[in-house]
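Below is upload-v4.cif, holding mmCIF, C-alpha atoms (C1' of nucleotides).
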data_query
#
loop_
_atom_site.label_atom_id
_atom_site.label_comp_id
_atom_site.auth_asym_id
_atom_site.auth_seq_id
_atom_site.Cartn_x
_atom_site.Cartn_y
_atom_site.Cartn_z
CA MET T 284 12.12 23.74 -6.64
CA PRO T 285 10.56 27.20 -6.52
CA ALA T 286 7.23 27.78 -8.20
CA LYS T 287 7.49 29.25 -11.67
CA ARG T 288 6.71 32.94 -11.90
CA LEU T 289 3.56 33.59 -13.84
CA LYS T 290 3.45 37.35 -13.81
CA PRO T 291 4.48 37.95 -17.44
CA GLU T 292 2.02 35.28 -18.50
CA ALA T 293 -0.62 37.04 -16.48
CA ALA T 294 -0.08 40.26 -18.37
CA ARG T 295 -0.70 38.46 -21.65
CA SER T 296 -3.80 36.64 -20.45
CA ALA T 297 -5.58 39.61 -18.91
CA PRO T 298 -6.93 40.99 -22.20
CA VAL T 299 -8.31 37.57 -23.09
CA PHE T 300 -10.14 37.28 -19.78
CA ALA T 301 -11.37 40.85 -20.17
CA ALA T 302 -12.76 39.96 -23.58
CA LEU T 303 -14.58 37.00 -22.06
CA GLY T 304 -15.80 39.04 -19.12
CA ASP T 305 -19.05 40.19 -20.71
CA ARG T 306 -22.18 38.07 -20.97
CA THR T 307 -22.93 39.25 -24.49
CA ARG T 308 -19.45 38.38 -25.72
CA LEU T 309 -19.50 35.07 -23.87
CA ARG T 310 -22.75 34.21 -25.63
CA LEU T 311 -21.26 35.22 -28.96
CA VAL T 312 -18.32 32.91 -28.33
CA ALA T 313 -20.66 30.09 -27.32
CA ARG T 314 -22.74 30.60 -30.43
CA LEU T 315 -19.70 30.63 -32.70
CA CYS T 316 -18.50 27.44 -31.03
CA GLU T 317 -21.84 25.75 -31.66
CA ASP T 318 -22.75 27.06 -35.08
CA GLY T 319 -19.42 27.74 -36.74
CA PRO T 320 -18.96 30.78 -39.01
CA VAL T 321 -21.88 33.22 -38.67
CA SER T 322 -22.42 36.64 -40.22
CA ILE T 323 -22.76 39.79 -38.13
CA THR T 324 -26.45 40.05 -38.95
CA GLY T 325 -26.92 36.42 -37.99
CA LEU T 326 -25.19 37.02 -34.67
CA THR T 327 -27.29 40.11 -34.07
CA SER T 328 -30.59 38.23 -34.25
CA GLY T 329 -31.57 37.32 -30.74
CA ALA T 330 -28.76 39.30 -29.15
CA GLY T 331 -31.06 42.03 -27.95
CA ILE T 332 -28.74 44.85 -29.00
CA SER T 333 -28.06 46.71 -32.21
CA ARG T 334 -25.92 45.39 -35.03
CA GLN T 335 -23.31 48.05 -34.31
CA ALA T 336 -23.04 46.96 -30.71
CA VAL T 337 -22.52 43.36 -31.85
CA THR T 338 -19.87 44.55 -34.29
CA LYS T 339 -18.02 46.30 -31.50
CA HIS T 340 -18.13 43.20 -29.31
CA LEU T 341 -16.76 41.17 -32.20
CA HIS T 342 -13.92 43.68 -32.57
CA VAL T 343 -13.10 43.25 -28.89
CA LEU T 344 -13.02 39.47 -29.30
CA ALA T 345 -10.94 39.76 -32.46
CA ARG T 346 -8.38 42.07 -30.83
CA ALA T 347 -8.06 39.55 -28.00
CA GLY T 348 -7.34 36.92 -30.65
CA LEU T 349 -10.39 34.82 -29.80
CA VAL T 350 -12.23 35.18 -33.12
CA ARG T 351 -11.49 36.22 -36.67
CA GLY T 352 -13.71 37.69 -39.33
CA LEU T 353 -13.56 36.80 -43.00
CA ARG T 354 -15.25 38.77 -45.74
CA GLU T 355 -17.55 36.58 -47.83
CA GLY T 356 -19.34 38.53 -50.54
CA ARG T 357 -21.35 41.26 -48.91
CA GLU T 358 -21.20 39.74 -45.46
CA ARG T 359 -18.50 39.15 -42.88
CA LEU T 360 -18.40 35.73 -41.27
CA TYR T 361 -16.89 35.39 -37.83
CA GLU T 362 -15.41 32.19 -36.48
CA ILE T 363 -13.57 31.01 -33.39
CA ASP T 364 -9.79 31.12 -33.27
CA PRO T 365 -9.19 28.49 -30.59
CA GLN T 366 -5.51 29.15 -29.80
CA ARG T 367 -5.93 32.03 -27.36
CA LEU T 368 -8.88 30.30 -25.78
CA ASP T 369 -6.65 27.36 -25.07
CA GLN T 370 -3.89 29.59 -23.74
CA ALA T 371 -6.32 31.19 -21.33
CA ARG T 372 -7.51 27.79 -20.19
CA GLN T 373 -3.95 26.67 -19.60
CA HIS T 374 -3.28 29.82 -17.66
CA LEU T 375 -6.23 29.17 -15.34
CA GLN T 376 -4.98 25.65 -14.96
CA ALA T 377 -1.53 26.95 -14.01
CA ILE T 378 -3.04 29.22 -11.39
CA SER T 379 -5.10 26.40 -9.97
CA ARG T 380 -2.09 24.13 -9.87
CA GLN T 381 0.00 26.78 -8.20
CA TRP T 382 -2.69 27.21 -5.62
CA ASP T 383 -2.78 23.48 -5.00
CA GLU T 384 0.98 23.41 -4.56
CA ALA T 385 0.85 26.27 -2.12
CA LEU T 386 -1.79 24.40 -0.18
CA SER T 387 0.38 21.27 -0.11
CA ARG T 388 3.37 23.23 1.15
CA LEU T 389 1.24 24.76 3.87
CA LYS T 390 0.02 21.32 4.90
CA GLU T 391 3.58 19.98 5.06
CA SER T 392 4.86 22.84 7.14
CA LEU T 393 1.97 22.36 9.53
CA GLU T 394 2.78 18.67 9.89
CA GLU T 395 6.45 19.42 10.47
CA GLY T 396 5.90 22.28 12.91
CA MET E 201 -26.26 13.52 -29.02
CA PRO E 202 -26.77 17.27 -29.14
CA ALA E 203 -24.23 19.51 -27.52
CA LYS E 204 -25.27 20.84 -24.13
CA ARG E 205 -26.35 24.45 -24.06
CA LEU E 206 -23.91 26.53 -22.13
CA LYS E 207 -25.60 29.92 -22.19
CA PRO E 208 -26.85 29.96 -18.59
CA GLU E 209 -23.43 28.84 -17.45
CA ALA E 210 -21.97 31.62 -19.53
CA ALA E 211 -23.99 34.23 -17.67
CA ARG E 212 -22.57 32.99 -14.38
CA SER E 213 -18.98 32.86 -15.57
CA ALA E 214 -18.83 36.30 -17.14
CA PRO E 215 -18.27 38.18 -13.86
CA VAL E 216 -15.46 35.79 -12.99
CA PHE E 217 -13.70 36.40 -16.29
CA ALA E 218 -14.32 40.13 -15.92
CA ALA E 219 -12.68 40.00 -12.50
CA LEU E 220 -9.66 38.23 -14.00
CA GLY E 221 -9.51 40.62 -16.95
CA ASP E 222 -7.20 43.15 -15.36
CA ARG E 223 -3.44 42.76 -15.01
CA THR E 224 -3.40 44.16 -11.51
CA ARG E 225 -6.08 41.76 -10.31
CA LEU E 226 -4.45 38.86 -12.10
CA ARG E 227 -1.21 39.65 -10.29
CA LEU E 228 -3.05 39.85 -6.99
CA VAL E 229 -4.54 36.42 -7.63
CA ALA E 230 -1.13 35.06 -8.55
CA ARG E 231 0.40 36.51 -5.41
CA LEU E 232 -2.34 35.09 -3.20
CA CYS E 233 -1.82 31.72 -4.85
CA GLU E 234 1.88 31.83 -4.14
CA ASP E 235 2.01 33.42 -0.72
CA GLY E 236 -1.28 32.46 0.90
CA PRO E 237 -3.17 34.93 3.11
CA VAL E 238 -1.76 38.44 2.80
CA SER E 239 -2.92 41.72 4.29
CA ILE E 240 -4.08 44.63 2.14
CA THR E 241 -0.97 46.61 3.02
CA GLY E 242 1.17 43.63 2.12
CA LEU E 243 -0.54 43.32 -1.23
CA THR E 244 -0.14 47.04 -1.83
CA SER E 245 3.65 46.94 -1.51
CA GLY E 246 5.03 46.62 -5.01
CA ALA E 247 1.67 47.03 -6.71
CA GLY E 248 2.45 50.54 -7.86
CA ILE E 249 -0.96 51.90 -6.90
CA SER E 250 -2.54 53.19 -3.71
CA ARG E 251 -3.90 51.03 -0.96
CA GLN E 252 -7.42 52.14 -1.78
CA ALA E 253 -7.03 51.04 -5.38
CA VAL E 254 -5.83 47.64 -4.21
CA THR E 255 -8.78 47.45 -1.83
CA LYS E 256 -11.17 48.10 -4.70
CA HIS E 257 -9.55 45.40 -6.81
CA LEU E 258 -9.89 43.00 -3.90
CA HIS E 259 -13.58 43.87 -3.61
CA VAL E 260 -14.04 43.06 -7.30
CA LEU E 261 -12.31 39.71 -6.82
CA ALA E 262 -14.35 39.01 -3.69
CA ARG E 263 -17.67 39.80 -5.38
CA ALA E 264 -16.72 37.43 -8.16
CA GLY E 265 -16.13 34.81 -5.49
CA LEU E 266 -12.44 34.39 -6.27
CA VAL E 267 -11.05 35.58 -2.93
CA ARG E 268 -12.27 36.17 0.57
CA GLY E 269 -11.07 38.53 3.28
CA LEU E 270 -10.83 37.70 6.95
CA ARG E 271 -10.34 40.24 9.67
CA GLU E 272 -7.35 39.43 11.84
CA GLY E 273 -6.74 42.02 14.54
CA ARG E 274 -6.29 45.36 12.86
CA GLU E 275 -5.56 43.92 9.46
CA ARG E 276 -7.62 42.09 6.87
CA LEU E 277 -6.05 39.04 5.31
CA TYR E 278 -7.14 38.00 1.84
CA GLU E 279 -6.90 34.46 0.51
CA ILE E 280 -7.91 32.54 -2.58
CA ASP E 281 -11.29 30.82 -2.75
CA PRO E 282 -10.52 28.22 -5.41
CA GLN E 283 -14.04 27.04 -6.25
CA ARG E 284 -14.99 29.76 -8.70
CA LEU E 285 -11.54 29.64 -10.24
CA ASP E 286 -12.10 26.01 -10.94
CA GLN E 287 -15.58 26.65 -12.30
CA ALA E 288 -14.18 29.22 -14.71
CA ARG E 289 -11.51 26.78 -15.82
CA GLN E 290 -14.11 24.10 -16.43
CA HIS E 291 -16.20 26.56 -18.38
CA LEU E 292 -13.30 27.38 -20.68
CA GLN E 293 -12.72 23.67 -21.04
CA ALA E 294 -16.38 23.17 -21.99
CA ILE E 295 -16.13 25.88 -24.62
CA SER E 296 -12.98 24.34 -26.04
CA ARG E 297 -14.57 20.92 -26.12
CA GLN E 298 -17.68 22.24 -27.78
CA TRP E 299 -15.54 23.90 -30.38
CA ASP E 300 -13.68 20.65 -30.98
CA GLU E 301 -16.96 18.80 -31.39
CA ALA E 302 -18.24 21.36 -33.85
CA LEU E 303 -15.02 20.95 -35.80
CA SER E 304 -15.45 17.19 -35.85
CA ARG E 305 -19.02 17.49 -37.09
CA LEU E 306 -17.87 19.85 -39.83
CA LYS E 307 -15.19 17.39 -40.84
CA GLU E 308 -17.69 14.52 -41.00
CA SER E 309 -20.19 16.44 -43.05
CA LEU E 310 -17.42 17.39 -45.45
CA GLU E 311 -16.37 13.75 -45.82
CA GLU E 312 -19.97 12.67 -46.37
CA GLY E 313 -20.83 15.45 -48.78
"C1'" DC W 296 -1.66 56.97 27.42
"C1'" DT W 297 0.08 58.30 22.87
"C1'" DA W 298 1.47 57.47 18.63
"C1'" DA W 299 1.94 54.64 14.77
"C1'" DT W 300 -0.29 51.22 11.86
"C1'" DG W 301 -4.06 49.13 9.16
"C1'" DT W 302 -8.61 49.78 7.49
"C1'" DG W 303 -13.07 51.62 5.96
"C1'" DC W 304 -15.89 55.14 3.89
"C1'" DA W 305 -16.97 58.96 0.79
"C1'" DA W 306 -16.28 62.40 -2.66
"C1'" DC W 307 -14.35 63.22 -6.81
"C1'" DC W 308 -12.04 62.66 -11.59
"C1'" DA W 309 -10.48 61.12 -16.00
"C1'" DA W 310 -10.58 57.59 -19.21
"C1'" DA W 311 -12.61 53.64 -21.23
"C1'" DA W 312 -16.48 50.73 -22.30
"C1'" DT W 313 -21.23 50.07 -23.98
"C1'" DA W 314 -24.74 51.24 -26.88
"C1'" DT W 315 -27.32 54.26 -30.05
"C1'" DT W 316 -28.31 56.78 -34.35
"C1'" DG W 317 -27.41 58.46 -38.98
"C1'" DC W 318 -25.29 58.04 -43.23
"C1'" DA W 319 -22.19 56.18 -46.88
"C1'" DT W 320 -20.62 52.12 -49.44
"C1'" DT W 321 -20.53 47.57 -51.36
"C1'" DT W 322 -22.88 43.50 -53.10
"C1'" DC W 323 -26.57 40.69 -54.36
"C1'" DT W 324 -31.23 39.94 -56.53
"C1'" DA W 325 -35.53 40.55 -59.01
"C1'" DT G 76 -30.70 48.85 -63.34
"C1'" DA G 77 -33.19 49.83 -58.97
"C1'" DG G 78 -33.79 48.40 -54.59
"C1'" DA G 79 -32.83 45.52 -50.75
"C1'" DA G 80 -29.37 43.62 -47.73
"C1'" DA G 81 -24.99 43.66 -45.16
"C1'" DT G 82 -21.57 46.18 -43.64
"C1'" DG G 83 -18.37 50.21 -42.30
"C1'" DC G 84 -17.54 54.69 -40.29
"C1'" DA G 85 -18.39 58.63 -37.31
"C1'" DA G 86 -20.49 61.38 -33.75
"C1'" DT G 87 -22.67 61.20 -29.47
"C1'" DA G 88 -24.60 59.95 -24.92
"C1'" DT G 89 -24.38 57.27 -20.72
"C1'" DT G 90 -22.38 54.24 -17.49
"C1'" DT G 91 -18.62 51.82 -15.57
"C1'" DT G 92 -13.97 51.46 -14.21
"C1'" DG G 93 -9.62 52.49 -12.14
"C1'" DG G 94 -7.53 55.69 -9.64
"C1'" DT G 95 -6.77 59.53 -6.21
"C1'" DT G 96 -7.25 62.17 -1.83
"C1'" DG G 97 -8.95 63.23 2.77
"C1'" DC G 98 -10.71 61.89 7.00
"C1'" DA G 99 -12.54 58.90 10.64
"C1'" DC G 100 -12.06 54.69 13.33
"C1'" DA G 101 -10.00 50.63 15.37
"C1'" DT G 102 -5.93 48.18 17.06
"C1'" DT G 103 -1.32 47.48 18.45
"C1'" DA G 104 3.33 48.94 20.12
"C1'" DG G 105 6.22 51.83 23.16
#
Starting from the coordinates I provided, produce the structure as structure tokens.
Amino acid sequence: MPAKRLKPEAARSAPVFAALGDRTRLRLVARLCEDGPVSITGLTSGAGISRQAVTKHLHVLARAGLVRGLREGRERLYEIDPQRLDQARQHLQAISRQWDEALSRLKESLEEG
Amino acid sequence: MPAKRLKPEAARSAPVFAALGDRTRLRLVARLCEDGPVSITGLTSGAGISRQAVTKHLHVLARAGLVRGLREGRERLYEIDPQRLDQARQHLQAISRQWDEALSRLKESLEEG
DNA sequence: CTAATGTGCAACCAAAATATTGCATTTCTA
DNA sequence: TAGAAATGCAATATTTTGGTTGCACATTAG
């Protein structure tokens, strides 16, 4: 039973990992996970960068499918969209599993040889 | 029971996600998972980019702690170092869990209110 | 020994990412 | 209604990233 190819999957997951590959964005995600929907201004406080920079990071996260922004009066509230996050997690899990299988095969062949 | 802060963890995981956030590097990781230790030239074949570009990608992965390279004669063999991969997976899992908890709390407060 | 093979290092380049500032627009509040 | 608050859009500057090429060096094969 040959290992399943995961190259097409990889191509889809790369943008998600890229979106998570920035400490500011990772903190934004963490904050949204903890506090639920937060406005841009709210997310800016304590971020150490300008509101515009935060907005751009939120756009990156949104394009990766990790968050979504909803207009509420004069402010825009951002919240987590957990689906892609879960996909990425599953992808990492698949890689880990594949690595474990490869290791097992190596072990077997060593025992046989 | 307050949710654990995951901001320091986030800072450590960001470089790992950044390293995984490129389709070429993700394919390299996949290949190393499948085929075990492979030389730079071996990894270059079929990558569609120059050997030097592949080398740079491998350096990025190595600095993130995801792979390591061992000199073997005149070639350098790269292999997966699964620890960081697993850490990253656990971090994603923690984020997911935290999000689930936040959702539960929201649900409760809605039922109470 | 000579030539081919596999790397490493450095310079260089174009494109993308990160962040800033300034200004316009919409919405709430006193 | 006037002003404050929250956001959106655009231009710009700086740094990082992904890629190339050329050359030097080490190692293996004939």
Test item: the PyMOL selection byres ((chain G) within 12 of (chain E)) resolved as JSON, numbers by chain: {"G": [92, 93, 94, 95, 96, 100, 101, 102, 103]}
10 Å contact set for DT90 in chain G, all atoms listed in the file, chain neighbours under 2 positions out, as an mmCIF file with C-alpha atoms (C1' of nucleotides), keeping the file's coordinate frame:
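Saved as selection-v2.cif:
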data_model
loop_
_atom_site.group_PDB
_atom_site.id
_atom_site.type_symbol
_atom_site.label_atom_id
_atom_site.label_comp_id
_atom_site.auth_asym_id
_atom_site.auth_seq_id
_atom_site.Cartn_x
_atom_site.Cartn_y
_atom_site.Cartn_z
ATOM 1 C "C1'" DA W 312 -16.480 50.730 -22.300
ATOM 2 C "C1'" DT W 313 -21.230 50.070 -23.980
ATOM 3 C "C1'" DA G 88 -24.600 59.950 -24.920
ATOM 4 C "C1'" DT G 92 -13.970 51.460 -14.210
#
Problem set entry | Residues matched by the PyMOL selection byres ((chain T and resi 302) around 12), written as a PyMOL selection string | (chain T and resi 296-301+303-312+339-350+367-368+371) or (chain E and resi 214-222) or (chain W and resi 312)
Which residues of chain W come within 10 Å of chain E, and for each one, what is the closest pair of atoms and their distance in Å to one decimal, counting all atoms listed in the file, sorted by chain and residue number, as JSON lines?
{"residue": "W:DT300", "atom": "C1'", "partner": "E:Arg274", "partner_atom": "CA", "distance": 8.4}
{"residue": "W:DG301", "atom": "C1'", "partner": "E:Glu275", "partner_atom": "CA", "distance": 5.4}
{"residue": "W:DT302", "atom": "C1'", "partner": "E:Glu275", "partner_atom": "CA", "distance": 6.9}
{"residue": "W:DG303", "atom": "C1'", "partner": "E:Gln252", "partner_atom": "CA", "distance": 9.6}
Subject >> Atom pair CA of Glu355 in chain T / CA of Ala330 in chain T: separation (Å) >> reply: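 Value for the CA of Glu355 in chain T-CA of Ala330 in chain T distance: 22.0 Å.
In this structure, CA of Cys233 in chain E sits 8.3 Å away from CA of Asp383 in chain T.
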Using the chain letters and numbers from the file, which residues does the PyMOL selection byres ((chain W and resi 318) around 9) grab, as a list in words? DG317 and DA319 of chain W; DC84 of chain G
### Message
What does the structure give for the distance between C1' of DA104 in chain G and CA of Arg268 in chain E, in Å to one decimal?
### Response
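Between these atoms lies a distance of 28.1 Å.
The shortest atom-to-atom distance to chain E, with all atoms listed in the file taken into account, belongs to T:Ile378 out of T:Val321, T:Ile378, T:Leu326, T:Leu353.
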Would you mind putting N, CA and C atoms back on range 243-270 of chain E and writing the result as a PDB file, keeping the file's coordinate frame?
ATOM      1  N   LEU E 243      -0.271  43.427   0.197  1.00  0.00           N
ATOM      2  CA  LEU E 243      -0.540  43.320  -1.230  1.00  0.00           C
ATOM      3  C   LEU E 243      -0.273  44.639  -1.954  1.00  0.00           C
ATOM      4  N   THR E 244      -0.363  45.740  -1.203  1.00  0.00           N
ATOM      5  CA  THR E 244      -0.140  47.040  -1.830  1.00  0.00           C
ATOM      6  C   THR E 244       1.329  47.257  -2.168  1.00  0.00           C
ATOM      7  N   SER E 245       2.223  46.732  -1.278  1.00  0.00           N
ATOM      8  CA  SER E 245       3.650  46.940  -1.510  1.00  0.00           C
ATOM      9  C   SER E 245       4.064  46.296  -2.823  1.00  0.00           C
ATOM     10  N   GLY E 246       4.570  47.119  -3.722  1.00  0.00           N
ATOM     11  CA  GLY E 246       5.030  46.620  -5.010  1.00  0.00           C
ATOM     12  C   GLY E 246       3.965  46.631  -6.080  1.00  0.00           C
ATOM     13  N   ALA E 247       2.751  47.027  -5.713  1.00  0.00           N
ATOM     14  CA  ALA E 247       1.670  47.030  -6.710  1.00  0.00           C
ATOM     15  C   ALA E 247       1.705  48.285  -7.569  1.00  0.00           C
ATOM     16  N   GLY E 248       2.334  49.333  -7.060  1.00  0.00           N
ATOM     17  CA  GLY E 248       2.450  50.540  -7.860  1.00  0.00           C
ATOM     18  C   GLY E 248       1.237  51.447  -7.822  1.00  0.00           C
ATOM     19  N   ILE E 249       0.235  51.065  -7.054  1.00  0.00           N
ATOM     20  CA  ILE E 249      -0.960  51.900  -6.900  1.00  0.00           C
ATOM     21  C   ILE E 249      -1.265  52.049  -5.414  1.00  0.00           C
ATOM     22  N   SER E 250      -2.223  52.900  -5.106  1.00  0.00           N
ATOM     23  CA  SER E 250      -2.540  53.190  -3.710  1.00  0.00           C
ATOM     24  C   SER E 250      -3.218  52.016  -3.034  1.00  0.00           C
ATOM     25  N   ARG E 251      -3.223  52.073  -1.713  1.00  0.00           N
ATOM     26  CA  ARG E 251      -3.900  51.030  -0.960  1.00  0.00           C
ATOM     27  C   ARG E 251      -5.380  50.978  -1.301  1.00  0.00           C
ATOM     28  N   GLN E 252      -5.998  52.120  -1.461  1.00  0.00           N
ATOM     29  CA  GLN E 252      -7.420  52.140  -1.780  1.00  0.00           C
ATOM     30  C   GLN E 252      -7.724  51.467  -3.107  1.00  0.00           C
ATOM     31  N   ALA E 253      -6.843  51.686  -4.077  1.00  0.00           N
ATOM     32  CA  ALA E 253      -7.030  51.040  -5.380  1.00  0.00           C
ATOM     33  C   ALA E 253      -6.945  49.529  -5.224  1.00  0.00           C
ATOM     34  N   VAL E 254      -5.968  49.079  -4.452  1.00  0.00           N
ATOM     35  CA  VAL E 254      -5.830  47.640  -4.210  1.00  0.00           C
ATOM     36  C   VAL E 254      -7.081  47.109  -3.526  1.00  0.00           C
ATOM     37  N   THR E 255      -7.559  47.865  -2.540  1.00  0.00           N
ATOM     38  CA  THR E 255      -8.780  47.450  -1.830  1.00  0.00           C
ATOM     39  C   THR E 255      -9.937  47.269  -2.803  1.00  0.00           C
ATOM     40  N   LYS E 256     -10.081  48.216  -3.732  1.00  0.00           N
ATOM     41  CA  LYS E 256     -11.170  48.100  -4.700  1.00  0.00           C
ATOM     42  C   LYS E 256     -11.019  46.864  -5.563  1.00  0.00           C
ATOM     43  N   HIS E 257      -9.788  46.608  -6.005  1.00  0.00           N
ATOM     44  CA  HIS E 257      -9.550  45.400  -6.810  1.00  0.00           C
ATOM     45  C   HIS E 257      -9.915  44.154  -6.016  1.00  0.00           C
ATOM     46  N   LEU E 258      -9.567  44.151  -4.735  1.00  0.00           N
ATOM     47  CA  LEU E 258      -9.890  43.000  -3.900  1.00  0.00           C
ATOM     48  C   LEU E 258     -11.403  42.833  -3.757  1.00  0.00           C
ATOM     49  N   HIS E 259     -12.115  43.957  -3.680  1.00  0.00           N
ATOM     50  CA  HIS E 259     -13.580  43.870  -3.610  1.00  0.00           C
ATOM     51  C   HIS E 259     -14.138  43.232  -4.878  1.00  0.00           C
ATOM     52  N   VAL E 260     -13.581  43.639  -6.020  1.00  0.00           N
ATOM     53  CA  VAL E 260     -14.040  43.060  -7.300  1.00  0.00           C
ATOM     54  C   VAL E 260     -13.812  41.558  -7.297  1.00  0.00           C
ATOM     55  N   LEU E 261     -12.629  41.138  -6.866  1.00  0.00           N
ATOM     56  CA  LEU E 261     -12.310  39.710  -6.820  1.00  0.00           C
ATOM     57  C   LEU E 261     -13.214  38.981  -5.838  1.00  0.00           C
ATOM     58  N   ALA E 262     -13.501  39.641  -4.713  1.00  0.00           N
ATOM     59  CA  ALA E 262     -14.350  39.010  -3.690  1.00  0.00           C
ATOM     60  C   ALA E 262     -15.781  38.859  -4.190  1.00  0.00           C
ATOM     61  N   ARG E 263     -16.301  39.888  -4.867  1.00  0.00           N
ATOM     62  CA  ARG E 263     -17.670  39.800  -5.380  1.00  0.00           C
ATOM     63  C   ARG E 263     -17.793  38.742  -6.462  1.00  0.00           C
ATOM     64  N   ALA E 264     -16.703  38.494  -7.154  1.00  0.00           N
ATOM     65  CA  ALA E 264     -16.720  37.430  -8.160  1.00  0.00           C
ATOM     66  C   ALA E 264     -16.541  36.067  -7.504  1.00  0.00           C
ATOM     67  N   GLY E 265     -16.271  36.062  -6.206  1.00  0.00           N
ATOM     68  CA  GLY E 265     -16.130  34.810  -5.490  1.00  0.00           C
ATOM     69  C   GLY E 265     -14.748  34.197  -5.581  1.00  0.00           C
ATOM     70  N   LEU E 266     -13.779  34.956  -6.052  1.00  0.00           N
ATOM     71  CA  LEU E 266     -12.440  34.390  -6.270  1.00  0.00           C
ATOM     72  C   LEU E 266     -11.572  34.479  -5.029  1.00  0.00           C
ATOM     73  N   VAL E 267     -11.833  35.437  -4.164  1.00  0.00           N
ATOM     74  CA  VAL E 267     -11.050  35.580  -2.930  1.00  0.00           C
ATOM     75  C   VAL E 267     -12.012  35.891  -1.791  1.00  0.00           C
ATOM     76  N   ARG E 268     -11.486  35.737  -0.583  1.00  0.00           N
ATOM     77  CA  ARG E 268     -12.270  36.170   0.570  1.00  0.00           C
ATOM     78  C   ARG E 268     -11.330  36.830   1.563  1.00  0.00           C
ATOM     79  N   GLY E 269     -11.881  37.781   2.325  1.00  0.00           N
ATOM     80  CA  GLY E 269     -11.070  38.530   3.280  1.00  0.00           C
ATOM     81  C   GLY E 269     -11.506  38.252   4.685  1.00  0.00           C
ATOM     82  N   LEU E 270     -10.524  37.989   5.560  1.00  0.00           N
ATOM     83  CA  LEU E 270     -10.830  37.700   6.950  1.00  0.00           C
ATOM     84  C   LEU E 270     -10.143  38.708   7.843  1.00  0.00           C
TER      85      LEU E 270
END
